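Enquirer: I'd like to ask you about the structure that follows.
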Amino acid sequence: MVDKIFEQTERIDKKIQDIQSEQKELNVSGKEDKYFENEEKIDHLKKLRSDLLDQCRDLTPEDHVYIARLSNRPHIKDFIGALFTDFFEQRGDHLCDEDEAIYGGIALFHKIPVTVLGHRKGRTVEENVACRFGMPSPEGYRKAMRMFKEAEKFNRPIITFIDTPGAYPGMEAEAHGQGEAIARSLAMMSHLKVPVISVVTGEGNSGGALALSVANRILMLKYAVYSVLSPEGFCSILFKDTSKKTEACSLMHLTADELYQNKMADEIIDEPLGGASFDPVTVYDELDRAIYRNLKELQKMSPSQLLADRHRKFRRI
Amino acid sequence: MVDKIFEQTERIDKKIQDIQSEQKELNVSGKEDKYFENEEKIDHLKKLRSDLLDQCRDLTPEDHVYIARLSNRPHIKDFIGALFTDFFEQRGDHLCDEDEAIYGGIALFHKIPVTVLGHRKGRTVEENVACRFGMPSPEGYRKAMRMFKEAEKFNRPIITFIDTPGAYPGMEAEAHGQGEAIARSLAMMSHLKVPVISVVTGEGNSGGALALSVANRILMLKYAVYSVLSPEGFCSILFKDTSKKTEACSLMHLTADELYQNKMADEIIDEPLGGASFDPVTVYDELDRAIYRNLKELQKMSPSQLLADRHRKFRRI
Amino acid sequence: MTEEYIDTDPFEMCKGCHRRSRRSQWESHYYVCPVCGKYKNVSAGYRFSLIFDNKSFKVINRGITSDDPLNFPGYKEKLRSVKERTHLNETAVAAVGKISGVKTVAVVLDSRFFMGSMSQAAGERITRAIEAADKHKLPLVIFSASGGARMQEGMFSLWQMAKTADAVEEFSRNGGLYISVLTHPTTGGVTASFATLGDITLAEPGALIGFAGPRVIEQTIGKKLPKGFQRAEYLYQHGFVDAIVERSELKKTLTKLLMLHGCKVTGGTPW
Amino acid sequence: MTEEYIDTDPFEMCKGCHRRSRRSQWESHYYVCPVCGKYKNVSAGYRFSLIFDNKSFKVINRGITSDDPLNFPGYKEKLRSVKERTHLNETAVAAVGKISGVKTVAVVLDSRFFMGSMSQAAGERITRAIEAADKHKLPLVIFSASGGARMQEGMFSLWQMAKTADAVEEFSRNGGLYISVLTHPTTGGVTASFATLGDITLAEPGALIGFAGPRVIEQTIGKKLPKGFQRAEYLYQHGFVDAIVERSELKKTLTKLLMLHGCKVTGGTPW
Ligand SMILES: [Zn+2]
Ligand SMILES: [Zn+2]
């Protein structure tokens, strides 16, 4: 459903933009009649747009999946740019290769040095290819582990951003130990002596998402989804039929609300109607406050308390 | 010089063998004259052989290099077979690939569980190729590091066997961080909390050898060599002339005696005239006693004493 | 304890060569096809009796059974019918017994139960087994086999990866010895958690071992996978498996490994 | 302190494009060729004045100079003549100063002295600098450049790898911050010891960085190496270098990194 709404809002936005640029010219040339006529048109279109988005109050889980995957949704680089300062990128696993599907480094968060990293899908086609649409190779998880270890050495809190269709299913990835890389990341994260906060911002699928989210706190954007597998994979395994996606999405309990109810998400970050891309700044603001609050809480804990806290979270499931 | 002697001894050995197999037949057929004639021949040949090997009392450093590289010299698998029991091979770096140029695992040494590993040159042509003649890739050093870490976890002493022309100079090796892999191995070995004994058995060249020999005790077989670079590389860098190898070998101070004098080798394991391949068992026996004695000494030390002991050894150079 | 299929047919077919062999034949060959050598999946009970002295062992954590955390349509019924058909009550079974005199905790994932998929109950059983080994300072052996996550349990299944990896890491930091044995097939979340975190990794010949399933990879890369890819032998070649061990040799190898890790084993060294 | 070449010619040639530029031009361009952008090797003194506040710093360990441990024919004489020609007394120079207010230990390997080859004295100076940083809990920055081992010192050169790696590991375990800056060329034993053990690894544009030298690799594989192989940009692409930093930006980057590691820097954040 939501895709239809977005198609229409996109058309309306385009129209509004066209008229708005016409208005600028009219303003100069002084054709007032036409000018006011246009203003009315714009008001009407904005009303239409708002009515349309109003329908987004009641979205299906499948709609959430759709929004979570939107390419104009804020990505890791947007979040780092908006929430952190003085970012310094770190590269490579120092073992085999650089994996662009994991992006991260050191930065300041409210003047606190932190390690920040996450999945990177890329925005342009070239970036998408370089990042394999956010599907990491073992090298990506090992790069993350390298950053985790350094964060621990320098006592830096860790903040991870989750947005991945899953680990990359390729031949080289398997040959280089995709399974073991994820397993080692889970094991390492479970025993990190520093605060770890994960934010699910888009889609968090399968072990590829979990590998970066063994955290003390898991925050989810309202329209983010987090699930055992992609809905498509779920369909093909359970129903041997990929057309049952709508049903699958409803059965999977993958929305932020459902995860919150199941005590897997600790907090939900509100999004405007239609999702973060309709007004990213308000999302950044709320996310900033939420991370800061949680971080301050976690910083009061000793290393062994942090470990125990994280252990409890995953042990009880 | 020694190559000429070995050529001749090889010919003599062949002759002795031929006559000896003839003797067996004669013994059955009863042709006594011929039989005793042959016995005399054998005695004569053995005298010749012994006189020839006698010339090996005074070998040049270049001769040592020649002997150290002999393909029939005992290799890592021979040493493991002779000195250890219950060997269990461990494979791979669990990061990228298996490197056959490093061979090792867990075994018992006088009923003590130890981690044993070293360079593997291979004996057949196929093995040589698979092992790159004992030149490890970064994966090989990372495999060694994996074994070091496990040895430390289970408090197993580590025994390494050094026999390498150096780390492999290839494109993929560089792309996968050959330098960093060696550096990490040096750093890790320097801080291992268990006893480490290294035995230089053949040629130990360059960082590729050092990466496995940051040990509490370094034993060297009498004809083993250990040097900053291969004599050929040394010639080409310093003299821009590879024909000056004889001179280079003399200048490099690479023999066991010279290293002992410079306090880099702690002990020299005697070899029979002509080298270990002429009587491996006596070498195994002496090596066994030497490793056992050193191990017992080291096992009396606490982890911090072991670290301090190793630190002192390399710090004073 | 027996969890074998109850079947009166004295013959049983091999899934590899489709030849039928006598049950007694299968048994004397450790359930490796007497004709083509293909490994047959075996029950937890059989595994235990194979490695534990006098076939004697105590099953632990058997009370933990699959719940239906998401109220997934039809799951409860399917669980019931699978339990009836297989005479199993979960994919993971844990037991304590002696291997050549060394008290050891062992876990077997039985792929006949929901294709060895990871459920909350299975994860809990495995975690408790690891915790028991940690508490009593016993060696741990896990025979993995899994088709992946139990879809019907969604995120509750996924998080078992973190839970079990955490438990193994804690066990390992406390100095515990964990031998992981990969059997056919070990894929998905099991491969990406406890199964690849062993101090020593063994595999049965021919076992499929990987994170992504072969079909998914083929769809992604758009071509057929080469023969032998993701098989135990391939992993051995690439150094992710220390040894490929015939089922008939398994107890010997475990005994040797226990001894090499300082355990006092009984009965000589017959390798 | 100055260790520049003494030369009266007001022009100096670029080794890249062979164009001659005025010394003042070179200087204002941080000794990066004003014509083609190729990086020129610079002295330790210049490096220090570039990163330390007010060009103020104290050289340490200067008393340690190369010995001739193997009595190598002609080495003493060569040492003497190189010292006279370059006005340097060893390849590694260490100093303490403040980077944007943060007291820091820095080491520079000057490749004009015996091609930056690692001698016992250089290894000792580097080790003492690391130990000083460890003792006084100061950050450490090392500018590496090396053609490899000092052949004339044989094994005494080789073992500097172990000595320096040991020192870095100890420093790191004690929580020290080490920023490694790789400059042209960093090869051989230096690459395989302290230079690749940094918490953060930076490189100058175009720097050759590798363990084996390109010629040795070409001889081994029997073909020409592709353009750009083993260059800083290649290592960045493959993730062994975190950032490639222009010389003019170096102090800014170091300041930022010090700040990100909790040091109190002065003078704002001008990046
Ligand atoms: Zn069959
Ligand atoms: Zn130029």
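Within each chain, counting starts at residue 1; across the structure tokens, chains are named A, B, ... in the order shown, with ligands numbered 1 upward in that order.
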Pick out the residues no farther than 9 Å from ligand 1, counting only C-alpha atoms and all ligand atoms, and list them as a list in words.

Expert: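 I would give the residues around ligand 1 as Met13, Cys14, Lys15, Gly16, Cys17, His18, Arg19, Arg20, Ser21, Val32, Cys33, Pro34, Val35, Cys36, Gly37, Lys38, Tyr39 and Lys40 of chain C.
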
Enquirer: For the residues in the current selection, export C-alpha atoms as a PDB file, in the first residue's frame.

Expert:
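As a result, part-v8.pdb now contains:
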```pdb
ATOM      1  CA  MET C  13      17.969 -47.349   1.616  1.00  0.00           C
ATOM      2  CA  CYS C  14      21.013 -45.112   1.170  1.00  0.00           C
ATOM      3  CA  LYS C  15      20.180 -41.579   0.101  1.00  0.00           C
ATOM      4  CA  GLY C  16      23.395 -41.434  -1.901  1.00  0.00           C
ATOM      5  CA  CYS C  17      23.361 -44.540  -4.086  1.00  0.00           C
ATOM      6  CA  HIS C  18      19.748 -45.556  -3.409  1.00  0.00           C
ATOM      7  CA  ARG C  19      20.899 -49.110  -2.686  1.00  0.00           C
ATOM      8  CA  ARG C  20      19.243 -50.996   0.122  1.00  0.00           C
ATOM      9  CA  SER C  21      21.393 -52.597   2.805  1.00  0.00           C
ATOM     10  CA  VAL C  32      28.071 -45.262   6.654  1.00  0.00           C
ATOM     11  CA  CYS C  33      26.646 -46.792   3.468  1.00  0.00           C
ATOM     12  CA  PRO C  34      28.275 -50.203   2.975  1.00  0.00           C
ATOM     13  CA  VAL C  35      27.922 -49.691  -0.782  1.00  0.00           C
ATOM     14  CA  CYS C  36      28.945 -46.082  -1.527  1.00  0.00           C
ATOM     15  CA  GLY C  37      30.380 -44.789   1.757  1.00  0.00           C
ATOM     16  CA  LYS C  38      27.883 -41.973   2.168  1.00  0.00           C
ATOM     17  CA  TYR C  39      27.325 -40.854   5.754  1.00  0.00           C
ATOM     18  CA  LYS C  40      23.867 -41.305   7.160  1.00  0.00           C
TER      19      LYS C  40
END
```

Enquirer: Excluding same-chain residues fewer than 3 positions from Ala149 of chain D, what lies within 9 Å of it counting only C-alpha atoms, as a tab-separated table (two decimals) with N, CA, C and O atoms, in the first residue's frame?

Expert:
```tsv
chain	number	residue	atom	x	y	z
B	228	VAL	N	70.34	-12.56	8.22
B	228	VAL	CA	69.46	-11.41	7.96
B	228	VAL	C	68.76	-11.54	6.61
B	228	VAL	O	67.67	-10.99	6.41
B	229	LEU	N	69.35	-12.28	5.70
B	229	LEU	CA	68.83	-12.43	4.35
B	229	LEU	C	69.54	-13.63	3.73
B	229	LEU	O	70.55	-14.07	4.26
D	116	GLY	N	67.87	4.57	4.93
D	116	GLY	CA	66.95	4.26	6.03
D	116	GLY	C	67.05	2.83	6.52
D	116	GLY	O	66.11	2.30	7.12
D	117	SER	N	68.18	2.19	6.25
D	117	SER	CA	68.29	0.78	6.65
D	117	SER	C	68.41	0.68	8.17
D	117	SER	O	68.97	1.54	8.83
D	118	MET	N	67.85	-0.41	8.69
D	118	MET	CA	67.74	-0.61	10.13
D	118	MET	C	69.07	-1.09	10.70
D	118	MET	O	69.53	-2.15	10.35
D	119	SER	N	69.66	-0.27	11.55
D	119	SER	CA	70.88	-0.66	12.24
D	119	SER	C	70.55	-0.95	13.69
D	119	SER	O	69.44	-0.66	14.15
D	146	SER	N	62.28	3.15	5.16
D	146	SER	CA	63.41	2.22	5.24
D	146	SER	C	63.53	1.39	3.99
D	146	SER	O	62.55	0.96	3.40
D	152	GLN	N	75.30	-4.75	6.64
D	152	GLN	CA	76.62	-4.84	7.30
D	152	GLN	C	76.51	-5.25	8.77
D	152	GLN	O	77.51	-5.60	9.38
D	153	GLU	N	75.30	-5.19	9.31
D	153	GLU	CA	75.16	-5.58	10.71
D	153	GLU	C	74.46	-6.92	10.87
D	153	GLU	O	74.18	-7.37	11.99
D	154	GLY	N	74.16	-7.56	9.74
D	154	GLY	CA	73.65	-8.93	9.74
D	154	GLY	C	72.51	-9.17	10.72
D	154	GLY	O	71.54	-8.41	10.77
D	157	SER	N	71.06	-6.52	12.89
D	157	SER	CA	70.01	-5.70	12.28
D	157	SER	C	68.67	-6.43	12.35
D	157	SER	O	67.67	-5.88	12.79
D	158	LEU	N	68.67	-7.71	11.95
D	158	LEU	CA	67.41	-8.47	11.89
D	158	LEU	C	66.68	-8.45	13.24
D	158	LEU	O	65.46	-8.26	13.29
D	188	GLY	N	60.75	-3.94	3.80
D	188	GLY	CA	61.58	-4.87	4.58
D	188	GLY	C	61.21	-4.96	6.04
D	188	GLY	O	60.03	-4.86	6.42
D	189	GLY	N	62.23	-5.11	6.85
D	189	GLY	CA	62.04	-5.37	8.28
D	189	GLY	C	61.27	-4.30	9.02
D	189	GLY	O	60.61	-4.60	10.02
D	190	VAL	N	61.34	-3.07	8.57
D	190	VAL	CA	60.60	-2.01	9.23
D	190	VAL	C	59.10	-2.22	9.02
D	190	VAL	O	58.29	-2.13	9.95
```

Enquirer: Which chain C residues have any atom within 7 Å of an atom of chain A, and for each, what is the nearest pair of atoms with distance in Å to one decimal, counting only C-alpha atoms, rows sorted by chain and number, as a Markdown table?

Expert:
```
| residue | atom | partner | partner_atom | distance |
| --- | --- | --- | --- | --- |
| C:Phe72 | CA | A:Leu251 | CA | 6.8 |
| C:Met151 | CA | A:Phe234 | CA | 6.9 |
| C:Gly154 | CA | A:Val228 | CA | 5.2 |
| C:Met155 | CA | A:Val228 | CA | 5.1 |
| C:Phe156 | CA | A:Ile317 | CA | 6.5 |
| C:Leu158 | CA | A:Val228 | CA | 5.3 |
| C:Trp159 | CA | A:Phe314 | CA | 6.9 |
| C:Ala162 | CA | A:Leu186 | CA | 5.7 |
| C:Lys163 | CA | A:Phe314 | CA | 5.5 |
| C:Ala165 | CA | A:Ala187 | CA | 4.9 |
| C:Asp166 | CA | A:Ala187 | CA | 5.2 |
| C:Glu169 | CA | A:Ala187 | CA | 5.6 |
| C:Gly189 | CA | A:Gly207 | CA | 6.5 |
| C:Thr191 | CA | A:Gly179 | CA | 5.2 |
| C:Ala192 | CA | A:Gly179 | CA | 3.9 |
| C:Ser193 | CA | A:Ala183 | CA | 4.2 |
| C:Phe194 | CA | A:Ala183 | CA | 6.9 |
| C:Thr196 | CA | A:Glu180 | CA | 5.2 |
| C:Leu197 | CA | A:Ala183 | CA | 6.9 |
| C:Gly210 | CA | A:Glu174 | CA | 6.5 |
| C:Phe211 | CA | A:Gly179 | CA | 4.9 |
| C:Ala212 | CA | A:Pro169 | CA | 5.5 |
| C:Val216 | CA | A:Pro169 | CA | 6.7 |
| C:Ile217 | CA | A:Pro169 | CA | 5.1 |
| C:Thr220 | CA | A:Pro169 | CA | 6.8 |
| C:Ile221 | CA | A:Gly170 | CA | 6.6 |
```

Enquirer: Considering only C-alpha atoms, return as a PyMOL selection string whatever protein or nucleic-acid residues lie within 12 Å of Ala145 of chain C, sequence-local ones (same chain, fewer than 3 positions apart) excluded.

Expert: chain C and resi 41-44+91-93+107-118+122+142+148-149+180-191+194-196+203-204+207-210

Enquirer: Distance atom CA of Ile130 of chain D-atom CA of Arg146 of chain B, one decimal place?

Expert: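 Distance between the two atoms: 26.7 Å.
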
Enquirer: Work out how far apart atom CA of Ile268 of chain B and atom CA of Met220 of chain B are and give it in Å to one decimal.

Expert: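 Between atom CA of Ile268 of chain B and atom CA of Met220 of chain B the gap works out to 5.0 Å.
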
Enquirer: Name all residues at most 6 Å from segment 233-249 of chain C (count only C-alpha atoms; drop same-chain ones fewer than 6 positions away) and give them as number ranges by chain.

Expert: B: 90-92, 94, 97-98; C: 201-205

Enquirer: Generate a file of the selected residues that holds all heavy atoms, formatted as a PDB file, in the first residue's frame.

Expert:
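Result saved to selection_22.pdb:
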```
ATOM      1  N   GLN B  90      47.025 -29.193  13.176  1.00  0.00           N
ATOM      2  CA  GLN B  90      46.018 -28.126  13.144  1.00  0.00           C
ATOM      3  C   GLN B  90      46.142 -27.379  11.833  1.00  0.00           C
ATOM      4  O   GLN B  90      47.232 -27.155  11.333  1.00  0.00           O
ATOM      5  CB  GLN B  90      46.232 -27.182  14.332  1.00  0.00           C
ATOM      6  CG  GLN B  90      45.888 -27.837  15.647  1.00  0.00           C
ATOM      7  CD  GLN B  90      46.096 -26.890  16.808  1.00  0.00           C
ATOM      8  OE1 GLN B  90      47.210 -26.584  17.168  1.00  0.00           O
ATOM      9  NE2 GLN B  90      45.014 -26.417  17.378  1.00  0.00           N
ATOM     10  N   ARG B  91      45.002 -26.981  11.310  1.00  0.00           N
ATOM     11  CA  ARG B  91      44.999 -26.405   9.963  1.00  0.00           C
ATOM     12  C   ARG B  91      44.483 -24.972   9.975  1.00  0.00           C
ATOM     13  O   ARG B  91      43.559 -24.621  10.689  1.00  0.00           O
ATOM     14  CB  ARG B  91      44.067 -27.217   9.063  1.00  0.00           C
ATOM     15  CG  ARG B  91      44.382 -28.699   8.992  1.00  0.00           C
ATOM     16  CD  ARG B  91      45.304 -29.061   7.891  1.00  0.00           C
ATOM     17  NE  ARG B  91      44.782 -28.728   6.579  1.00  0.00           N
ATOM     18  CZ  ARG B  91      45.425 -28.979   5.445  1.00  0.00           C
ATOM     19  NH1 ARG B  91      46.607 -29.580   5.487  1.00  0.00           N
ATOM     20  NH2 ARG B  91      44.906 -28.633   4.284  1.00  0.00           N
ATOM     21  N   GLY B  92      45.098 -24.168   9.101  1.00  0.00           N
ATOM     22  CA  GLY B  92      44.480 -22.897   8.743  1.00  0.00           C
ATOM     23  C   GLY B  92      44.623 -21.757   9.728  1.00  0.00           C
ATOM     24  O   GLY B  92      44.903 -21.948  10.905  1.00  0.00           O
ATOM     25  N   HIS B  94      42.050 -19.729  10.033  1.00  0.00           N
ATOM     26  CA  HIS B  94      40.643 -19.447  10.342  1.00  0.00           C
ATOM     27  C   HIS B  94      40.265 -18.013   9.971  1.00  0.00           C
ATOM     28  O   HIS B  94      39.393 -17.410  10.596  1.00  0.00           O
ATOM     29  CB  HIS B  94      40.330 -19.735  11.810  1.00  0.00           C
ATOM     30  CG  HIS B  94      40.213 -21.203  12.077  1.00  0.00           C
ATOM     31  ND1 HIS B  94      39.098 -21.780  12.608  1.00  0.00           N
ATOM     32  CD2 HIS B  94      41.057 -22.220  11.830  1.00  0.00           C
ATOM     33  CE1 HIS B  94      39.274 -23.080  12.709  1.00  0.00           C
ATOM     34  NE2 HIS B  94      40.461 -23.366  12.243  1.00  0.00           N
ATOM     35  N   ASP B  97      42.861 -18.662   4.668  1.00  0.00           N
ATOM     36  CA  ASP B  97      43.227 -19.865   3.928  1.00  0.00           C
ATOM     37  C   ASP B  97      44.208 -20.712   4.740  1.00  0.00           C
ATOM     38  O   ASP B  97      44.702 -20.283   5.773  1.00  0.00           O
ATOM     39  CB  ASP B  97      43.873 -19.484   2.593  1.00  0.00           C
ATOM     40  CG  ASP B  97      43.547 -20.474   1.479  1.00  0.00           C
ATOM     41  OD1 ASP B  97      43.162 -21.627   1.785  1.00  0.00           O
ATOM     42  OD2 ASP B  97      43.665 -20.102   0.312  1.00  0.00           O
ATOM     43  N   GLU B  98      44.458 -21.894   4.261  1.00  0.00           N
ATOM     44  CA  GLU B  98      45.489 -22.772   4.810  1.00  0.00           C
ATOM     45  C   GLU B  98      46.784 -22.497   4.056  1.00  0.00           C
ATOM     46  O   GLU B  98      46.777 -22.328   2.850  1.00  0.00           O
ATOM     47  CB  GLU B  98      45.059 -24.240   4.634  1.00  0.00           C
ATOM     48  CG  GLU B  98      46.174 -25.268   4.629  1.00  0.00           C
ATOM     49  CD  GLU B  98      46.801 -25.506   6.011  1.00  0.00           C
ATOM     50  OE1 GLU B  98      46.335 -24.922   6.998  1.00  0.00           O
ATOM     51  OE2 GLU B  98      47.777 -26.255   6.076  1.00  0.00           O
TER      52      GLU B  98
ATOM     53  N   THR C 201      38.407 -28.146  15.524  1.00  0.00           N
ATOM     54  CA  THR C 201      37.245 -28.356  14.671  1.00  0.00           C
ATOM     55  C   THR C 201      37.438 -29.622  13.849  1.00  0.00           C
ATOM     56  O   THR C 201      38.382 -29.717  13.063  1.00  0.00           O
ATOM     57  CB  THR C 201      37.036 -27.158  13.725  1.00  0.00           C
ATOM     58  OG1 THR C 201      37.098 -25.959  14.490  1.00  0.00           O
ATOM     59  CG2 THR C 201      35.697 -27.249  13.010  1.00  0.00           C
ATOM     60  N   LEU C 202      36.554 -30.574  14.048  1.00  0.00           N
ATOM     61  CA  LEU C 202      36.576 -31.801  13.264  1.00  0.00           C
ATOM     62  C   LEU C 202      35.366 -31.814  12.338  1.00  0.00           C
ATOM     63  O   LEU C 202      34.406 -31.079  12.559  1.00  0.00           O
ATOM     64  CB  LEU C 202      36.519 -33.028  14.187  1.00  0.00           C
ATOM     65  CG  LEU C 202      37.524 -33.076  15.341  1.00  0.00           C
ATOM     66  CD1 LEU C 202      37.285 -34.324  16.206  1.00  0.00           C
ATOM     67  CD2 LEU C 202      38.947 -33.065  14.815  1.00  0.00           C
ATOM     68  N   ALA C 203      35.409 -32.640  11.309  1.00  0.00           N
ATOM     69  CA  ALA C 203      34.239 -32.779  10.438  1.00  0.00           C
ATOM     70  C   ALA C 203      34.130 -34.204   9.948  1.00  0.00           C
ATOM     71  O   ALA C 203      35.135 -34.912   9.829  1.00  0.00           O
ATOM     72  CB  ALA C 203      34.350 -31.819   9.256  1.00  0.00           C
ATOM     73  N   GLU C 204      32.897 -34.618   9.688  1.00  0.00           N
ATOM     74  CA  GLU C 204      32.686 -35.933   9.087  1.00  0.00           C
ATOM     75  C   GLU C 204      32.862 -35.828   7.574  1.00  0.00           C
ATOM     76  O   GLU C 204      32.532 -34.793   6.984  1.00  0.00           O
ATOM     77  CB  GLU C 204      31.280 -36.455   9.432  1.00  0.00           C
ATOM     78  CG  GLU C 204      31.200 -36.965  10.869  1.00  0.00           C
ATOM     79  CD  GLU C 204      30.016 -37.904  11.109  1.00  0.00           C
ATOM     80  OE1 GLU C 204      28.995 -37.797  10.383  1.00  0.00           O
ATOM     81  OE2 GLU C 204      30.101 -38.737  12.005  1.00  0.00           O
ATOM     82  N   PRO C 205      33.375 -36.892   6.953  1.00  0.00           N
ATOM     83  CA  PRO C 205      33.608 -36.851   5.501  1.00  0.00           C
ATOM     84  C   PRO C 205      32.347 -36.448   4.736  1.00  0.00           C
ATOM     85  O   PRO C 205      31.244 -36.890   5.055  1.00  0.00           O
ATOM     86  CB  PRO C 205      33.991 -38.297   5.158  1.00  0.00           C
ATOM     87  CG  PRO C 205      34.513 -38.870   6.432  1.00  0.00           C
ATOM     88  CD  PRO C 205      33.758 -38.187   7.532  1.00  0.00           C
TER      89      PRO C 205
END
```

Enquirer: May I have all residues of segment 60-250 of chain D that DSSP, computed from the backbone, assigns to alpha helix (DSSP H), given as number ranges by chain?

Expert: D: 75-86, 120-136, 154-173, 188-191, 214-221, 232-237, 250

Enquirer: Just list as a ChimeraX atom specification whatever in segment 15-252 of chain C DSSP marks as strand (DSSP E).

Expert: /C:20-22,57-60,92-99,102-109,140-146,178-186,200-203,243-244

Enquirer: Give me, please, the distance in Å between atom CA of Thr104 of chain D and atom CA of Val141 of chain D, quoted to one decimal.

Expert: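 According to the coordinates, atom CA of Thr104 of chain D and atom CA of Val141 of chain D are separated by 7.5 Å.
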
Enquirer: For chain B, which residue among A:Met301, A:Ala265, A:Cys96, A:Leu59 is the nearest when counting only C-alpha atoms?

Expert: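 Nearest to chain B: A:Cys96.
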
Enquirer: Excluding Ser198 of chain B and residues on its chain fewer than 5 positions from it, collect all residues at most 12 Å away from it, counting only C-alpha atoms, and give them as a ChimeraX atom specification.

Expert: /B:115-119,157-163,189,204,209-221,226,264-268,287,290-291,294-295,310
